[in-house]
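Enquirer: Quick one, upload_33.pdb (PDB, C-alpha atoms):
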```pdb
ATOM      1  CA  MET A   8      -3.948   4.982   0.998
ATOM      2  CA  PRO A   9      -3.932   2.455  -2.527
ATOM      3  CA  ALA A  10      -0.300   1.840 -11.752
ATOM      4  CA  ARG A  11       0.013  -1.649 -10.512
ATOM      5  CA  ILE A  12       0.090  -1.174  -6.827
ATOM      6  CA  ARG A  13      -0.442  -3.608  -4.013
ATOM      7  CA  HIS A  14      -1.290  -2.415  -0.470
ATOM      8  CA  LEU A  15       2.528  -2.809  -0.615
ATOM      9  CA  ALA A  16       2.319  -2.619   2.624
ATOM     10  CA  CYS A  17       4.616   0.115   1.077
ATOM     11  CA  ALA A  18       3.874   0.899  -2.514
ATOM     12  CA  VAL A  19       2.122   4.189  -3.150
ATOM     13  CA  PHE A  20      -0.641   3.029  -0.737
ATOM     14  CA  GLY A  21      -3.314   5.184  -2.354
ATOM     15  CA  ALA A  22      -1.460   8.472  -1.979
ATOM     16  CA  ALA A  23      -3.067  10.788  -4.501
ATOM     17  CA  LEU A  24      -1.038  11.473  -7.610
ATOM     18  CA  LEU A  25      -2.757  13.660 -10.148
ATOM     19  CA  LEU A  26      -1.328  12.287 -13.346
ATOM     20  CA  SER A  27      -2.808  12.775 -16.788
ATOM     21  CA  SER A  28      -4.314   9.595 -18.176
ATOM     22  CA  PRO A  29      -3.430   8.684 -21.760
ATOM     23  CA  GLY A  30      -5.761  10.321 -24.242
ATOM     24  CA  ARG A  31      -8.020   8.061 -26.230
ATOM     25  CA  ALA A  32      -7.201   7.647 -29.873
ATOM     26  CA  GLN A  33      -9.499   9.618 -32.107
ATOM     27  CA  GLN A  34     -12.114   7.644 -34.006
ATOM     28  CA  LEU A  35     -11.158   7.584 -37.682
ATOM     29  CA  GLY A  36     -13.431   7.174 -40.662
ATOM     30  CA  ALA A  37     -13.032   4.087 -42.824
ATOM     31  CA  ASP A  38     -11.036   5.947 -45.467
ATOM     32  CA  THR A  39      -9.198   8.362 -43.159
ATOM     33  CA  ALA A  40      -5.451   7.832 -42.834
ATOM     34  CA  PRO A  41      -4.192   7.348 -39.256
ATOM     35  CA  LYS A  42      -2.729  10.485 -37.789
ATOM     36  CA  ALA A  43       0.495  10.693 -35.859
ATOM     37  CA  PRO A  44      -0.066  11.371 -32.145
ATOM     38  CA  ALA A  45       0.271  14.991 -31.146
ATOM     39  CA  PRO A  46       3.621  15.704 -29.508
ATOM     40  CA  ALA A  47       3.626  16.324 -25.789
ATOM     41  CA  PRO A  48       3.608  20.039 -25.008
ATOM     42  CA  THR A  49       7.036  21.444 -24.278
ATOM     43  CA  PRO A  50       7.285  22.294 -20.582
ATOM     44  CA  THR A  51       7.829  25.969 -19.886
ATOM     45  CA  THR A  52       8.650  25.812 -16.164
ATOM     46  CA  PRO A  53      10.655  23.464 -13.922
ATOM     47  CA  VAL A  54       7.399  22.428 -12.204
ATOM     48  CA  GLU A  55       5.860  21.381 -15.527
ATOM     49  CA  ALA A  56       9.019  19.548 -16.533
ATOM     50  CA  SER A  57       9.013  17.762 -13.173
ATOM     51  CA  ALA A  58       5.397  16.696 -13.666
ATOM     52  CA  GLN A  59       6.309  15.200 -17.047
ATOM     53  CA  MET A  60       9.138  13.273 -15.407
ATOM     54  CA  VAL A  61       6.722  11.860 -12.828
ATOM     55  CA  THR A  62       4.329  10.789 -15.571
ATOM     56  CA  ALA A  63       7.194   9.099 -17.423
ATOM     57  CA  ALA A  64       8.256   7.376 -14.189
ATOM     58  CA  VAL A  65       4.781   5.899 -13.703
ATOM     59  CA  LYS A  66       4.906   4.416 -17.206
ATOM     60  CA  LEU A  67       8.312   2.904 -16.500
ATOM     61  CA  MET A  68       7.098   1.469 -13.206
ATOM     62  CA  ASN A  69       4.177  -0.138 -15.003
ATOM     63  CA  ALA A  70       6.688  -1.637 -17.441
ATOM     64  CA  ASN A  71       8.664  -3.081 -14.489
ATOM     65  CA  ASP A  72      11.600  -0.755 -15.140
ATOM     66  CA  GLY A  73      12.250   0.396 -11.599
ATOM     67  CA  ASN A  74      15.723   1.726 -12.283
ATOM     68  CA  GLY A  75      14.539   3.793 -15.222
ATOM     69  CA  ALA A  76      11.676   5.151 -13.124
ATOM     70  CA  LEU A  77      14.113   5.998 -10.349
ATOM     71  CA  ASP A  78      16.214   8.080 -12.753
ATOM     72  CA  LYS A  79      13.131  10.020 -13.843
ATOM     73  CA  LEU A  80      12.048  10.636 -10.252
ATOM     74  CA  ASN A  81      15.498  11.824  -9.240
ATOM     75  CA  GLU A  82      15.302  14.378 -12.032
ATOM     76  CA  ALA A  83      11.710  15.298 -11.118
ATOM     77  CA  ILE A  84      12.759  16.068  -7.549
ATOM     78  CA  ARG A  85      15.796  18.029  -8.748
ATOM     79  CA  LEU A  86      13.517  20.185 -10.886
ATOM     80  CA  ASN A  87      10.805  20.533  -8.237
ATOM     81  CA  PRO A  88      11.821  19.645  -4.676
ATOM     82  CA  ARG A  89       8.197  20.219  -3.605
ATOM     83  CA  SER A  90       6.775  17.385  -5.711
ATOM     84  CA  SER A  91       5.210  15.175  -3.043
ATOM     85  CA  GLY A  92       4.106  12.668  -5.687
ATOM     86  CA  ALA A  93       7.693  12.183  -6.848
ATOM     87  CA  TYR A  94       8.839  11.495  -3.295
ATOM     88  CA  VAL A  95       6.055   8.956  -2.732
ATOM     89  CA  LEU A  96       6.787   7.086  -5.944
ATOM     90  CA  ARG A  97      10.522   7.077  -5.283
ATOM     91  CA  ALA A  98       9.890   5.777  -1.763
ATOM     92  CA  SER A  99       7.814   2.926  -3.167
ATOM     93  CA  ILE A 100      10.700   1.914  -5.433
ATOM     94  CA  TYR A 101      13.101   2.066  -2.500
ATOM     95  CA  CYS A 102      10.720  -0.219  -0.582
ATOM     96  CA  GLN A 103      10.758  -2.729  -3.421
ATOM     97  CA  LYS A 104      14.556  -2.634  -3.296
ATOM     98  CA  LYS A 105      14.479  -2.926   0.532
ATOM     99  CA  LEU A 106      16.328   0.369   0.840
ATOM    100  CA  TRP A 107      14.414   1.159   3.993
ATOM    101  CA  SER A 108      16.216   4.274   5.216
ATOM    102  CA  GLN A 109      15.899   5.970   1.824
ATOM    103  CA  ALA A 110      12.221   5.019   1.626
ATOM    104  CA  GLU A 111      11.516   6.398   5.084
ATOM    105  CA  GLU A 112      13.363   9.617   4.272
ATOM    106  CA  ASP A 113      11.289  10.159   1.116
ATOM    107  CA  PHE A 114       7.974   9.407   2.831
ATOM    108  CA  LYS A 115       8.913  11.901   5.535
ATOM    109  CA  ALA A 116       9.805  14.491   2.888
ATOM    110  CA  ALA A 117       6.389  14.003   1.255
ATOM    111  CA  GLN A 118       4.662  14.178   4.630
ATOM    112  CA  GLN A 119       6.329  17.507   5.387
ATOM    113  CA  LEU A 120       4.891  18.840   2.134
ATOM    114  CA  VAL A 121       1.411  17.447   2.863
ATOM    115  CA  PRO A 122       1.305  17.298   6.677
ATOM    116  CA  THR A 123      -2.397  16.449   6.922
ATOM    117  CA  ASN A 124      -2.155  13.356   4.685
ATOM    118  CA  VAL A 125      -2.787  10.402   7.010
ATOM    119  CA  VAL A 126      -1.739   7.890   4.336
ATOM    120  CA  LEU A 127       1.769   9.308   4.335
ATOM    121  CA  LYS A 128       1.904   9.043   8.122
ATOM    122  CA  PHE A 129       0.826   5.418   7.773
ATOM    123  CA  ASN A 130       3.510   4.701   5.181
ATOM    124  CA  ILE A 131       6.251   5.954   7.492
ATOM    125  CA  ILE A 132       5.068   3.500  10.161
ATOM    126  CA  GLU A 133       4.720   0.721   7.615
ATOM    127  CA  ILE A 134       8.456   0.897   6.910
ATOM    128  CA  LYS A 135       9.039  -0.498  10.415
ATOM    129  CA  PHE A 136       6.409  -3.201   9.964
ATOM    130  CA  MET A 137       7.973  -4.329   6.694
ATOM    131  CA  GLN A 138      11.271  -4.772   8.506
ATOM    132  CA  LYS A 139       9.423  -6.840  11.146
ATOM    133  CA  GLN A 140      10.221  -4.224  13.768
ATOM    134  CA  PHE A 141       6.823  -4.779  15.336
ATOM    135  CA  ASP A 142       7.456  -3.097  18.695
ATOM    136  CA  ALA A 143       8.764  -0.009  16.873
ATOM    137  CA  ALA A 144       5.786   0.118  14.488
ATOM    138  CA  ARG A 145       3.094  -0.433  17.112
ATOM    139  CA  PRO A 146       2.990   3.089  18.670
ATOM    140  CA  GLY A 147       2.572   4.693  15.265
ATOM    141  CA  TYR A 148      -0.385   2.500  14.365
ATOM    142  CA  LEU A 149      -1.859   3.085  17.814
ATOM    143  CA  ALA A 150      -1.754   6.847  17.232
ATOM    144  CA  LEU A 151      -3.853   6.418  14.077
ATOM    145  CA  GLU A 152      -6.678   4.476  15.729
ATOM    146  CA  SER A 153      -8.651   7.698  16.215
ATOM    147  CA  ASP A 154      -8.582   8.531  12.507
ATOM    148  CA  PRO A 155     -12.121   8.099  11.084
ATOM    149  CA  ASP A 156     -10.911   6.483   7.868
ATOM    150  CA  MET A 157      -7.812   4.623   9.056
ATOM    151  CA  GLY A 158      -9.001   3.633  12.538
ATOM    152  CA  ASP A 159     -10.045   0.000  12.101
ATOM    153  CA  PHE A 160      -7.121  -0.821   9.867
ATOM    154  CA  ALA A 161      -4.722   0.816  12.329
ATOM    155  CA  SER A 162      -6.187  -1.259  15.174
ATOM    156  CA  TYR A 163      -5.751  -4.381  13.067
ATOM    157  CA  LYS A 164      -2.087  -3.536  12.496
ATOM    158  CA  VAL A 165      -1.595  -2.948  16.239
ATOM    159  CA  PHE A 166      -3.039  -6.424  16.814
ATOM    160  CA  LEU A 167      -0.737  -7.973  14.200
ATOM    161  CA  CYS A 168       2.262  -6.245  15.767
ATOM    162  CA  ASP A 169       1.386  -7.833  19.115
ATOM    163  CA  LEU A 170       0.538 -11.237  17.655
ATOM    164  CA  ALA A 171       3.661 -11.470  15.480
ATOM    165  CA  GLY A 172       5.810  -9.721  18.074
ATOM    166  CA  GLY A 173       5.212 -12.342  20.755
ATOM    167  CA  HIS A 174       2.685 -10.456  22.908
ATOM    168  CA  GLU A 175      -0.109 -13.008  22.572
ATOM    169  CA  ALA A 176      -1.960 -12.150  25.784
ATOM    170  CA  LEU A 177      -2.289  -8.530  24.668
ATOM    171  CA  ALA A 178      -3.277  -9.630  21.154
ATOM    172  CA  ALA A 179      -6.032 -11.823  22.649
ATOM    173  CA  LYS A 180      -7.552  -8.816  24.420
ATOM    174  CA  GLU A 181      -7.439  -6.788  21.214
ATOM    175  CA  LEU A 182      -9.081  -9.612  19.289
ATOM    176  CA  ALA A 183     -11.897  -9.759  21.842
ATOM    177  CA  ALA A 184     -12.443  -6.018  21.400
ATOM    178  CA  PHE A 185     -12.807  -6.504  17.630
ATOM    179  CA  GLU A 186     -15.886  -8.632  18.224
ATOM    180  CA  LYS A 187     -17.695  -5.603  19.641
ATOM    181  CA  THR A 188     -17.175  -3.593  16.459
ATOM    182  CA  GLY A 189     -17.686  -6.332  13.875
ATOM    183  CA  ASP A 190     -15.444  -4.480  11.431
ATOM    184  CA  ALA A 191     -13.018  -6.080   8.984
ATOM    185  CA  SER A 192     -10.424  -6.366  11.763
ATOM    186  CA  TYR A 193     -12.735  -8.889  13.459
ATOM    187  CA  TYR A 194     -12.674 -11.289  10.506
ATOM    188  CA  PHE A 195      -9.075 -10.885   9.437
ATOM    189  CA  GLY A 196      -7.876 -10.758  13.032
ATOM    190  CA  ASN A 197      -9.571 -14.071  13.772
ATOM    191  CA  ALA A 198      -8.080 -15.513  10.594
ATOM    192  CA  ALA A 199      -4.601 -14.451  11.738
ATOM    193  CA  TRP A 200      -5.198 -15.882  15.220
ATOM    194  CA  SER A 201      -6.407 -19.184  13.757
ATOM    195  CA  ILE A 202      -3.376 -19.426  11.467
ATOM    196  CA  THR A 203      -0.907 -18.860  14.293
ATOM    197  CA  HIS A 204      -2.628 -21.668  16.213
ATOM    198  CA  GLN A 205      -2.609 -24.033  13.209
ATOM    199  CA  LYS A 206      -6.412 -23.952  12.852
ATOM    200  CA  PHE A 207      -6.369 -23.552   9.098
ATOM    201  CA  ASP A 208      -9.973 -24.613   8.454
ATOM    202  CA  ASP A 209     -11.154 -21.944  10.897
ATOM    203  CA  ALA A 210      -8.961 -19.408   9.119
ATOM    204  CA  ARG A 211     -10.501 -20.335   5.765
ATOM    205  CA  SER A 212     -13.950 -19.835   7.223
ATOM    206  CA  TRP A 213     -13.085 -16.362   8.528
ATOM    207  CA  LEU A 214     -11.516 -15.330   5.239
ATOM    208  CA  ASP A 215     -14.440 -16.699   3.248
ATOM    209  CA  SER A 216     -16.896 -14.746   5.399
ATOM    210  CA  ALA A 217     -14.867 -11.559   4.901
ATOM    211  CA  SER A 218     -14.838 -12.058   1.136
ATOM    212  CA  HIS A 219     -18.656 -12.050   1.127
ATOM    213  CA  ILE A 220     -18.943  -8.937   3.275
ATOM    214  CA  TYR A 221     -16.236  -6.544   2.082
ATOM    215  CA  PRO A 222     -15.301  -5.357  -1.409
ATOM    216  CA  PRO A 223     -12.209  -7.013  -2.939
ATOM    217  CA  ARG A 224     -10.046  -3.916  -2.651
ATOM    218  CA  LYS A 225     -10.644  -3.565   1.091
ATOM    219  CA  SER A 226     -10.130  -7.281   1.664
ATOM    220  CA  ALA A 227      -6.845  -7.086  -0.249
ATOM    221  CA  TYR A 228      -5.534  -4.407   2.117
ATOM    222  CA  TYR A 229      -6.222  -6.542   5.173
ATOM    223  CA  ALA A 230      -5.009  -9.768   3.574
ATOM    224  CA  GLU A 231      -1.815  -8.130   2.328
ATOM    225  CA  ALA A 232      -0.396  -7.936   5.842
ATOM    226  CA  LEU A 233      -1.109 -11.653   6.344
ATOM    227  CA  ILE A 234       0.720 -12.452   3.117
ATOM    228  CA  TYR A 235       3.671 -10.357   4.166
ATOM    229  CA  LEU A 236       3.861 -12.111   7.547
ATOM    230  CA  GLY A 237       3.839 -15.480   5.806
ATOM    231  CA  TYR A 238       0.381 -16.430   7.122
ATOM    232  CA  LEU A 239      -1.034 -16.683   3.613
ATOM    233  CA  PRO A 240      -1.441 -18.600   1.425
ATOM    234  CA  LEU A 241      -2.888 -21.272   3.663
ATOM    235  CA  PRO A 242      -1.659 -24.849   3.397
ATOM    236  CA  ASP A 243      -3.689 -27.047   1.085
ATOM    237  CA  ALA A 244      -6.681 -28.547   2.810
ATOM    238  CA  LYS A 245      -6.258 -32.174   3.762
ATOM    239  CA  PRO A 246      -8.558 -34.496   1.789
ATOM    240  CA  THR A 247     -11.544 -35.714   3.732
ATOM    241  CA  PRO A 248     -11.343 -39.481   4.318
ATOM    242  CA  ASN A 249     -14.055 -41.554   2.637
TER
END
```
Now, as a test, write the supplied structure out as structure tokens.

Expert:
Amino acid sequence: MPARIRHLACAVFGAALLLSSPGRAQQLGADTAPKAPAPAPTPTTPVEASAQMVTAAVKLMNANDGNGALDKLNEAIRLNPRSSGAYVLRASIYCQKKLWSQAEEDFKAAQQLVPTNVVLKFNIIEIKFMQKQFDAARPGYLALESDPDMGDFASYKVFLCDLAGGHEALAAKELAAFEKTGDASYYFGNAAWSITHQKFDDARSWLDSASHIYPPRKSAYYAEALIYLGYLPLPDAKPTPN
């Protein structure tokens, strides 16, 4: 679940898109004239034409042209309604535009095409979280706790739903359970708890410990939810009196 993507709590979230990477320019001799790039092959089927539209949409997204990318993806889906990648990318644009119902509809369309993809299931739940509908999002995250890859992160999101949703007693029990596992949820969960109780130095300590244990990409996923909730960045540390 992770083209310029954040954990966005809703951007493509790592959903696999098999797109051709740009070919490297050929090495030219010192006295060889530069050659014009070979033209893209002409698509022969609607599926191939759709794939080219998706590739073009990715380039436009990377150039911050969301509307242009949206046009390409609309055409890609018209040509190939079974393009799960086109639905995922279009949903991510809808998320950026806060068009939540359209985003949810597209993620569900992609999930129907790839029903075993747990990342797509997660994205559908994340739509609720991004709207701060914590009680509505919680059951979906809870259902993913048994997933071997998503489990700890799903438990962390359940905890955040309870903490941000006003169920602090339940969140406290979940935080205590994290200590038994020692996974990333333990560190980032304690950071979130410390922030909500105005213990910013403690939060910094938890986040610093996590940064030394987990790779940056994994830490970014967990921290992203804290940023979205407004917990990060932390207030500037108060200067220590002389």

Enquirer: Would you compute the distance between atom CA of A:Ala161 and atom CA of A:Asn130? Give it in Å to one decimal.

Expert: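 These two atoms are separated by 11.6 Å.
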
Enquirer: So which residues get picked by the PyMOL selection byres ((chain A and resi 209) around 12) here, written as a PyMOL selection string?

Expert: chain A and resi 194-208+210-216+241+244

Enquirer: What's the separation between atom CA of A:Ile131 and atom CA of A:Glu111, in Å to one decimal place?

Expert: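 Atom-to-atom, atom CA of A:Ile131 to atom CA of A:Glu111, that is 5.8 Å.
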
Enquirer: Starting from the PyMOL selection byres ((chain A and resi 142-149) around 8), expand the selection into actual residues of this file and give them as a ChimeraX atom specification.

Expert: /A:129,132-133,135-136,140-141,150-152,161-162,164-165,168-169,172

Enquirer: Taking into account only C-alpha atoms, which residue in the set A:Met137, A:Ala184, A:Leu80, A:Val65 is nearest to A:Tyr94?

Expert: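 For A:Tyr94, the nearest of the given residues is A:Leu80.
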
Enquirer: What residues come out when you apply the PyMOL selection byres ((chain A and resi 179) around 10) to this file, written as a ChimeraX atom specification?

Expert: /A:166,169-170,174-178,180-185,196-197,200

Enquirer: Quick one: axis-aligned box around all listed atoms of stretch 121-126 of chain A, 3 Å on every side, centre and edge lengths in Å to one decimal, written as lines of an AutoDock Vina configuration file.

Expert:
```
center_x = -0.7
center_y = 12.7
center_z = 4.9
size_x = 10.2
size_y = 15.6
size_z = 10.1
```

Enquirer: Measuring between all atoms listed in the file, which one of A:Val61, A:Pro88, A:Lys139, A:Tyr235 shows the shortest distance to A:Ala76?

Expert: A:Val61

Enquirer: Would you mind reading off the distance between atom CA of A:Leu86 and atom CA of A:Gln118, one decimal, in Å?

Expert: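 Calculated distance between atom CA of A:Leu86 and atom CA of A:Gln118 is 18.8 Å.
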
Enquirer: Closest to A:Ala93 among A:Ile234, A:His219, A:Ala58, A:Met157, using all atoms listed in the file?

Expert: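 Using all atoms listed in the file, A:Ala93 sits closest to A:Ala58.
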
Enquirer: Measuring atom to atom with all atoms listed in the file, identify which of A:Leu236, A:Ala117, A:Ala83, A:Ala191 is nearest to A:Pro222.

Expert: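 Checking each of A:Leu236, A:Ala117, A:Ala83, A:Ala191 against A:Pro222, counting all atoms listed in the file, the winner is A:Ala191.
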
Enquirer: Using all atoms listed in the file, which of A:Glu82, A:Glu112, A:Asp190, A:Asp159 sits nearest A:Ala56?

Expert: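 Residue with the minimum atom-to-atom distance to A:Ala56: A:Glu82.
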
Enquirer: Choose the residue, out of A:Ala116, A:Ala232, A:Val125, A:Ala64, that has the smallest atom-to-atom separation from A:Ile100; count all atoms listed in the file.

Expert: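 The shortest atom-to-atom distance to A:Ile100 comes from A:Ala64.
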
Enquirer: Pull stretch 212-240 of chain A out of the block and emit C-alpha atoms, as a CSV table (one decimal), in the first residue's frame.

Expert:
```
chain,number,residue,atom,x,y,z
A,212,SER,CA,11.5,11.0,22.4
A,213,TRP,CA,9.1,8.3,21.1
A,214,LEU,CA,9.4,9.6,17.5
A,215,ASP,CA,13.2,9.8,17.8
A,216,SER,CA,13.4,6.2,19.0
A,217,ALA,CA,11.1,5.1,16.1
A,218,SER,CA,13.3,6.9,13.6
A,219,HIS,CA,16.3,4.8,14.7
A,220,ILE,CA,14.5,1.5,14.6
A,221,TYR,CA,12.3,1.6,11.4
A,222,PRO,CA,13.2,2.6,7.8
A,223,PRO,CA,12.1,6.0,6.7
A,224,ARG,CA,9.3,4.8,4.4
A,225,LYS,CA,7.6,2.8,7.2
A,226,SER,CA,8.0,5.6,9.7
A,227,ALA,CA,6.4,8.0,7.1
A,228,TYR,CA,3.3,5.8,6.9
A,229,TYR,CA,2.8,5.9,10.6
A,230,ALA,CA,3.6,9.6,11.0
A,231,GLU,CA,1.3,10.5,8.1
A,232,ALA,CA,-1.8,9.8,10.2
A,233,LEU,CA,-0.4,12.1,13.0
A,234,ILE,CA,0.2,14.9,10.5
A,235,TYR,CA,-3.3,14.5,9.1
A,236,LEU,CA,-4.8,14.6,12.6
A,237,GLY,CA,-2.9,17.8,13.3
A,238,TYR,CA,-0.6,16.2,15.9
A,239,LEU,CA,2.5,16.9,13.9
A,240,PRO,CA,4.6,19.0,13.5
```
